[in-house]
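Novice: Input: one structure, supplied below.
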Amino acid sequence: MKAKILIAVIFFSGMITAQQTKTDSAKTKNIEEVKLSKKVFVKKSDRFVYDVANSPIAKGTNSFNLLQQTPMLSSTDGKVFKIMGKSSVVFYINGKRTLMDAEAITEMLKNTPSENIQKIEVVTVPGSEFQVEANEGVINIVMKKSKTNGYNGTLKMNNSQSFYNNPSSGIAFNARQDKWSFNSNFNMGSYREREKYTLTNGDSTFRNESVGTMDDPNKNYGGSINIDYEINKKQNLGFSYNVRYNKSFGSVLDMTNFENGQLSNRTINQEDAQTRNHNFNLNYEIKTDTLGSKLSSNVSYLWFNRDKVSLGETFPFVVSEENTYRAFQQAVPQIINNYAANIDYIKKFRNESTFAIGTSYNFTNTDSDTRQNDFIGNSFVINTNLSNHFIYKENIIGAYATYERKFSEKFSGKLGTRFEATISTGDVVGKSDIGFERNYNNLLPYATLNYAVNENNNITYSFSSRVRRPGFGQLNPSRTYFTPSNYIQNNPFMQASKNYNQEINYMYKNAFYANLSFNFAENAYSQLPLQGTETKIQRDENGNPILGSDGQPVKITSKFLRYIRTNYGNNKQLGLTLGMNKSWFGDIWTTNYSANFEYATISGGVTKDPTSQLLPGDTEELQPYVIDIKTLNMFFQANNVIRLSSKKDWYAGINYWMMPSREMEIGKLRTQQSLDLNIKKIMGNFTFLVEVNDILNSNIDDIRTTQANGSYNSVRSFKYGRELNINVTYNFGNQKLKKAREVKSANDAIKSRT
């Protein structure tokens, strides 16, 4: 009986097992029929996210090239990135703003393998927690993470051939062992560039023209060290140090000058300059719960030093009383010390909402002791008017609060505000008439609302307001000369401008997007051309007037063009960006196309130069520069990456951008364009990349302006942009290794103004 029962149990068990197997098999077949689609480019509540790990173009290149392929981003000079419709960008890494200056960021990106990047986030309207100014956008690079112990690194060698040959190399090293993480990099290279200038200005009564070249040799050295220690599972302590050194000795600007079509003189400006930049940052972070809430704090120190000495000489072709040998010596040092600290707290709740609050303090002291000596008689004599020991001090106290809430699967929003109190003083030692003291407060609200209509459609509205402060170098009342009568004049009396930004974004199927924006800048500032006439009394080396045969002081009248940095009025921009990021034919062909249309109205002008310091008896007359612009500006970009082999080891790139003529405050910029080609070969840990940039040699700066009174001005700069680049990259070690934790520096907001 027991045997029969056992047989029956086995029989029914077999039937059940067979039935279950059939059911599981059916389920398996159903699962196999599901096709998962990659979402490479998606829109989150306040940012665009480019998932590099799912992109077919992310293999075997560097981060700079990868960013050039990122939707919403463009670079027209191979050095600086812009977000469509934005003035400039600020870089963050893993949500923490970088400590490096613009040149160092470029070098870092070109020496970071694309395989290290998980995703790139583009924030077109940054929230209150971001330390940005004006109409700046944010690029946040999120690195891949792994807790694997070990090390990895990258060796890079590059050779560029344009007018001159420029080699460079770099090494990056990362290591992780239990609680310790470490990464460092070092880059070095030479970059000698040549520019060809044509400068003209005048009116119906006269014409000045200058033609010539500039040769600027540069030696670049830079590096960083980042150390992170995991005290326990909740606490981390980090230290970072960044250094940047640039040496440019023997730079020469050689210009031949004409007056009314006749050879007048030749000016040669020789310059030696070097820049040193050191940044230190100490960071502490503690996680306060299991939901991701955390408290972080930073203490930072920034030291920036730029030394520049130059000799400017003018050699006349025809010697006359008004056209003789002239020379000047100029020293323009700048030392910046910045001390900063900040505390941030992020609280996360179970209902998927987040509250963040933070405060920061920045103290900056700049010391710029400009000295100018003029050649008078047979020796150089100090020019007390153009010599200025300018000291600028600035205190900024900031605080912010934001609240983000996901109300449903379709609707989410974020509200915030930022308060900034600024106290600043500027003084020229020994000159009581050049100085100021400013105290002002700004309350800067922010809001964004996101509505996911369905899986394929998403709409976002954002609003923010920001302050734009002048760069520290722009406040130093010194001059930068092209010729003795054509120069840039800095202005310590520039004031901060207020900016308001609004944006509506629509995305379809994570591939097609439209971005409508409106930006308003109140009390905007720029660099504007002021033409004028100056009459000066000739003086000897002791400063005494030189008398003529009639017993009266000898006077010389001449024309000048002075580019003065100044507040001019208001700037309004209504922009529309249309774009597409999509792969075709099984990821064989990847496209990134975009078009930007911008209608701008710019109004204002400048009638005086508050920096003028005339000696008794000297006079000058300025022609007002009026801005009344209503213009439609455009920009088009098409990036293509084509996979040439089924092994995914050969790729070709075809990139093109065009910017038709556009009106700006300084004048009309003529049409610019560039066609770039590249081919890439991946061989194990080696990557070989050959690029030819600006094949048509058509990326030329050509700015022209004409005023209603008949005065005109033009600047044409040809930079020999056609360039052949050969890159060799070798990756070694464990490429999945996690980098040291990137942290935010307390003096981040100061970096962009050095």
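Chain labels run A, B, ... following the order of the structure tokens; each chain numbers its residues from 1, and ligands are numbered from 1 in the order shown.
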Can you check which parts of range 315-385 of chain A lie within 10 Å of range 480-502 of chain A? Per residue, the shortest pair of atoms and distance in Å to one decimal, counting only C-alpha atoms, sorted by chain and number, as JSON lines.

Specialist:
```
{"residue": "A:Arg326", "atom": "CA", "partner": "A:Pro484", "partner_atom": "CA", "distance": 8.9}
{"residue": "A:Ala327", "atom": "CA", "partner": "A:Pro484", "partner_atom": "CA", "distance": 9.0}
{"residue": "A:Phe328", "atom": "CA", "partner": "A:Pro484", "partner_atom": "CA", "distance": 9.3}
{"residue": "A:Gln330", "atom": "CA", "partner": "A:Thr480", "partner_atom": "CA", "distance": 9.5}
{"residue": "A:Val332", "atom": "CA", "partner": "A:Thr480", "partner_atom": "CA", "distance": 9.4}
```

Novice: As a VMD selection string, please: the residues near range 278-289 of chain A (cut-off 7 Å, only C-alpha atoms, same-chain neighbours under 4 positions excluded).

Specialist: chain A and resid 99 234 to 244 293 to 304 743 745

Novice: Would you please work out which residue, of A:Asn592, A:Thr607, A:Ser224, A:Thr706, is nearest to Gly653 in chain A when using only C-alpha atoms?

Specialist: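 Of A:Asn592, A:Thr607, A:Ser224, A:Thr706, the one nearest Gly653 in chain A is A:Asn592, counting only C-alpha atoms.
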
Novice: Write out as a PyMOL selection string all residues of range 344-472 of chain A that backbone DSSP assigns to strand (DSSP E or B).

Specialist: chain A and resi 344-348+354-376+379-382+388-406+411-428+431-454+457-468

Novice: Skipping near chain neighbours, those fewer than 2 positions away, what residues fall within 10 Å of Asp701 in chain A using only C-alpha atoms, listed as a ChimeraX atom specification?

Specialist: /A:197,669-672,698-699,703,715-719

Novice: Go ahead and write the selection's residues with N, CA and C atoms as an mmCIF file, in the first residue's frame.

Specialist:
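Generated file (out07.cif):
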```
data_model
loop_
_atom_site.group_PDB
_atom_site.id
_atom_site.type_symbol
_atom_site.label_atom_id
_atom_site.label_comp_id
_atom_site.auth_asym_id
_atom_site.auth_seq_id
_atom_site.Cartn_x
_atom_site.Cartn_y
_atom_site.Cartn_z
ATOM 1 N N TYR A 197 46.540 90.218 -37.189
ATOM 2 C CA TYR A 197 45.569 91.261 -36.874
ATOM 3 C C TYR A 197 45.463 92.285 -37.998
ATOM 4 N N LEU A 669 29.749 90.657 -35.637
ATOM 5 C CA LEU A 669 30.713 89.580 -35.860
ATOM 6 C C LEU A 669 30.351 88.871 -37.154
ATOM 7 N N ARG A 670 31.289 88.846 -38.091
ATOM 8 C CA ARG A 670 31.047 88.210 -39.387
ATOM 9 C C ARG A 670 30.889 86.700 -39.244
ATOM 10 N N THR A 671 30.343 86.071 -40.275
ATOM 11 C CA THR A 671 30.049 84.636 -40.261
ATOM 12 C C THR A 671 31.290 83.804 -39.939
ATOM 13 N N GLN A 672 31.108 82.831 -39.050
ATOM 14 C CA GLN A 672 32.160 81.879 -38.699
ATOM 15 C C GLN A 672 31.659 80.458 -38.943
ATOM 16 N N SER A 698 38.229 78.693 -41.826
ATOM 17 C CA SER A 698 37.210 79.748 -41.898
ATOM 18 C C SER A 698 36.740 80.232 -40.533
ATOM 19 N N ASN A 699 37.378 79.753 -39.449
ATOM 20 C CA ASN A 699 37.011 80.208 -38.104
ATOM 21 C C ASN A 699 37.815 81.467 -37.789
ATOM 22 N N ILE A 703 35.104 91.547 -36.391
ATOM 23 C CA ILE A 703 34.068 92.372 -35.761
ATOM 24 C C ILE A 703 34.131 93.782 -36.339
ATOM 25 N N VAL A 715 37.914 94.978 -36.038
ATOM 26 C CA VAL A 715 38.992 94.130 -35.530
ATOM 27 C C VAL A 715 38.892 92.786 -36.237
ATOM 28 N N ARG A 716 39.951 92.422 -36.968
ATOM 29 C CA ARG A 716 39.988 91.129 -37.647
ATOM 30 C C ARG A 716 41.165 90.330 -37.106
ATOM 31 N N SER A 717 40.869 89.138 -36.593
ATOM 32 C CA SER A 717 41.901 88.275 -36.009
ATOM 33 C C SER A 717 41.838 86.906 -36.673
ATOM 34 N N PHE A 718 42.918 86.573 -37.376
ATOM 35 C CA PHE A 718 43.041 85.264 -38.014
ATOM 36 C C PHE A 718 43.979 84.413 -37.164
ATOM 37 N N LYS A 719 43.463 83.281 -36.641
ATOM 38 C CA LYS A 719 44.195 82.506 -35.637
ATOM 39 C C LYS A 719 44.829 81.231 -36.183
#
```

Novice: Find, counting only C-alpha atoms, the residue in A:Asp427, A:Glu195, A:Glu420, A:Asp702 that gets nearest to Leu443 in chain A.

Specialist: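 Checking each candidate against Leu443 in chain A, we get A:Glu420 as the closest.
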
Novice: Which of these residues is nearest to Ser264 in chain A, using only C-alpha atoms: A:Thr290, A:Asn388, A:Thr557, A:Ser320?

Specialist: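 Closest candidate: A:Ser320.
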
Novice: Can you list, as a VMD selection string, every protein, DNA or RNA residue that comes within 12 Å of Leu528 in chain A when you count only C-alpha atoms, leaving out same-chain residues fewer than 4 positions away?

Specialist: chain A and resid 487 to 491 524 561 to 569 604 to 609 624 to 627 664 to 667 705 713

Novice: With N, CA and C atoms retained, write the just-selected residues as a tab-separated table (two decimals), in the first residue's frame.

Specialist:
```
chain	number	residue	atom	x	y	z
A	487	TYR	N	44.05	100.63	-27.41
A	487	TYR	CA	44.32	99.87	-26.19
A	487	TYR	C	43.04	99.58	-25.42
A	488	ILE	N	43.15	98.63	-24.48
A	488	ILE	CA	42.05	98.27	-23.57
A	488	ILE	C	42.25	98.98	-22.25
A	489	GLN	N	41.18	99.59	-21.73
A	489	GLN	CA	41.23	100.32	-20.46
A	489	GLN	C	40.33	99.62	-19.45
A	490	ASN	N	40.91	99.08	-18.38
A	490	ASN	CA	40.11	98.50	-17.31
A	490	ASN	C	39.47	99.59	-16.46
A	491	ASN	N	38.45	99.21	-15.70
A	491	ASN	CA	37.64	100.23	-15.03
A	491	ASN	C	37.24	99.76	-13.62
A	524	ALA	N	23.88	95.85	-17.50
A	524	ALA	CA	24.86	94.94	-18.07
A	524	ALA	C	26.17	95.68	-18.36
A	561	LEU	N	41.75	105.12	-29.88
A	561	LEU	CA	40.62	104.19	-29.74
A	561	LEU	C	40.84	103.45	-28.43
A	562	ARG	N	39.92	103.65	-27.51
A	562	ARG	CA	40.04	103.11	-26.16
A	562	ARG	C	38.89	102.12	-25.91
A	563	TYR	N	39.24	100.84	-25.74
A	563	TYR	CA	38.21	99.85	-25.40
A	563	TYR	C	38.04	99.86	-23.88
A	564	ILE	N	36.95	100.44	-23.43
A	564	ILE	CA	36.75	100.57	-22.00
A	564	ILE	C	35.74	99.53	-21.51
A	565	ARG	N	36.05	98.91	-20.41
A	565	ARG	CA	35.11	97.98	-19.76
A	565	ARG	C	34.18	98.80	-18.90
A	566	THR	N	32.88	98.70	-19.15
A	566	THR	CA	31.95	99.57	-18.44
A	566	THR	C	30.53	99.03	-18.48
A	567	ASN	N	29.71	99.47	-17.54
A	567	ASN	CA	28.26	99.22	-17.59
A	567	ASN	C	27.67	100.09	-18.69
A	568	TYR	N	26.75	99.54	-19.46
A	568	TYR	CA	26.22	100.30	-20.60
A	568	TYR	C	24.70	100.40	-20.64
A	569	GLY	N	23.96	99.44	-20.04
A	569	GLY	CA	22.50	99.49	-20.14
A	569	GLY	C	21.88	98.12	-19.95
A	604	GLY	N	21.68	101.08	-24.75
A	604	GLY	CA	22.52	101.78	-23.80
A	604	GLY	C	23.65	102.49	-24.51
A	605	GLY	N	24.78	102.60	-23.83
A	605	GLY	CA	25.94	103.25	-24.43
A	605	GLY	C	26.87	103.78	-23.37
A	606	VAL	N	27.90	104.47	-23.82
A	606	VAL	CA	28.89	105.06	-22.92
A	606	VAL	C	29.33	106.39	-23.51
A	607	THR	N	29.44	107.40	-22.65
A	607	THR	CA	29.80	108.75	-23.10
A	607	THR	C	31.06	109.28	-22.42
A	608	LYS	N	31.54	108.61	-21.38
A	608	LYS	CA	32.69	109.12	-20.65
A	608	LYS	C	33.55	107.99	-20.12
A	609	ASP	N	34.77	108.35	-19.75
A	609	ASP	CA	35.71	107.40	-19.17
A	609	ASP	C	36.04	107.86	-17.76
A	624	PRO	N	30.60	109.77	-28.19
A	624	PRO	CA	29.72	108.81	-27.50
A	624	PRO	C	29.53	107.54	-28.33
A	625	TYR	N	29.51	106.41	-27.63
A	625	TYR	CA	29.25	105.13	-28.27
A	625	TYR	C	27.84	104.70	-27.88
A	626	VAL	N	26.96	104.62	-28.88
A	626	VAL	CA	25.54	104.34	-28.64
A	626	VAL	C	25.22	102.93	-29.09
A	627	ILE	N	24.48	102.20	-28.24
A	627	ILE	CA	24.05	100.84	-28.57
A	627	ILE	C	22.53	100.83	-28.71
A	664	MET	N	26.52	92.21	-31.67
A	664	MET	CA	26.86	92.21	-30.26
A	664	MET	C	27.08	93.65	-29.81
A	665	GLU	N	27.33	93.82	-28.51
A	665	GLU	CA	27.53	95.17	-27.99
A	665	GLU	C	28.68	95.88	-28.69
A	666	ILE	N	29.74	95.14	-28.98
A	666	ILE	CA	30.95	95.73	-29.55
A	666	ILE	C	30.87	95.91	-31.06
A	667	GLY	N	29.89	95.28	-31.72
A	667	GLY	CA	29.74	95.40	-33.16
A	667	GLY	C	29.20	94.13	-33.78
A	705	THR	N	31.91	97.68	-36.62
A	705	THR	CA	30.81	98.51	-36.13
A	705	THR	C	30.89	99.89	-36.75
A	713	ASN	N	34.80	101.21	-36.64
A	713	ASN	CA	35.87	100.47	-35.98
A	713	ASN	C	35.75	99.00	-36.39
```

Novice: Rounded to one decimal, what separation in Å do you get between CA of Met659 in chain A and CA of Asn596 in chain A?

Specialist: 9.6 Å

Novice: Hey, which of A:Asn135, A:Asn165, A:Gln262, A:Thr154 ends up closest to Asn208 in chain A? Count only C-alpha atoms.

Specialist: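 Looking at the shortest contact to Asn208 in chain A, the residue is A:Gln262.
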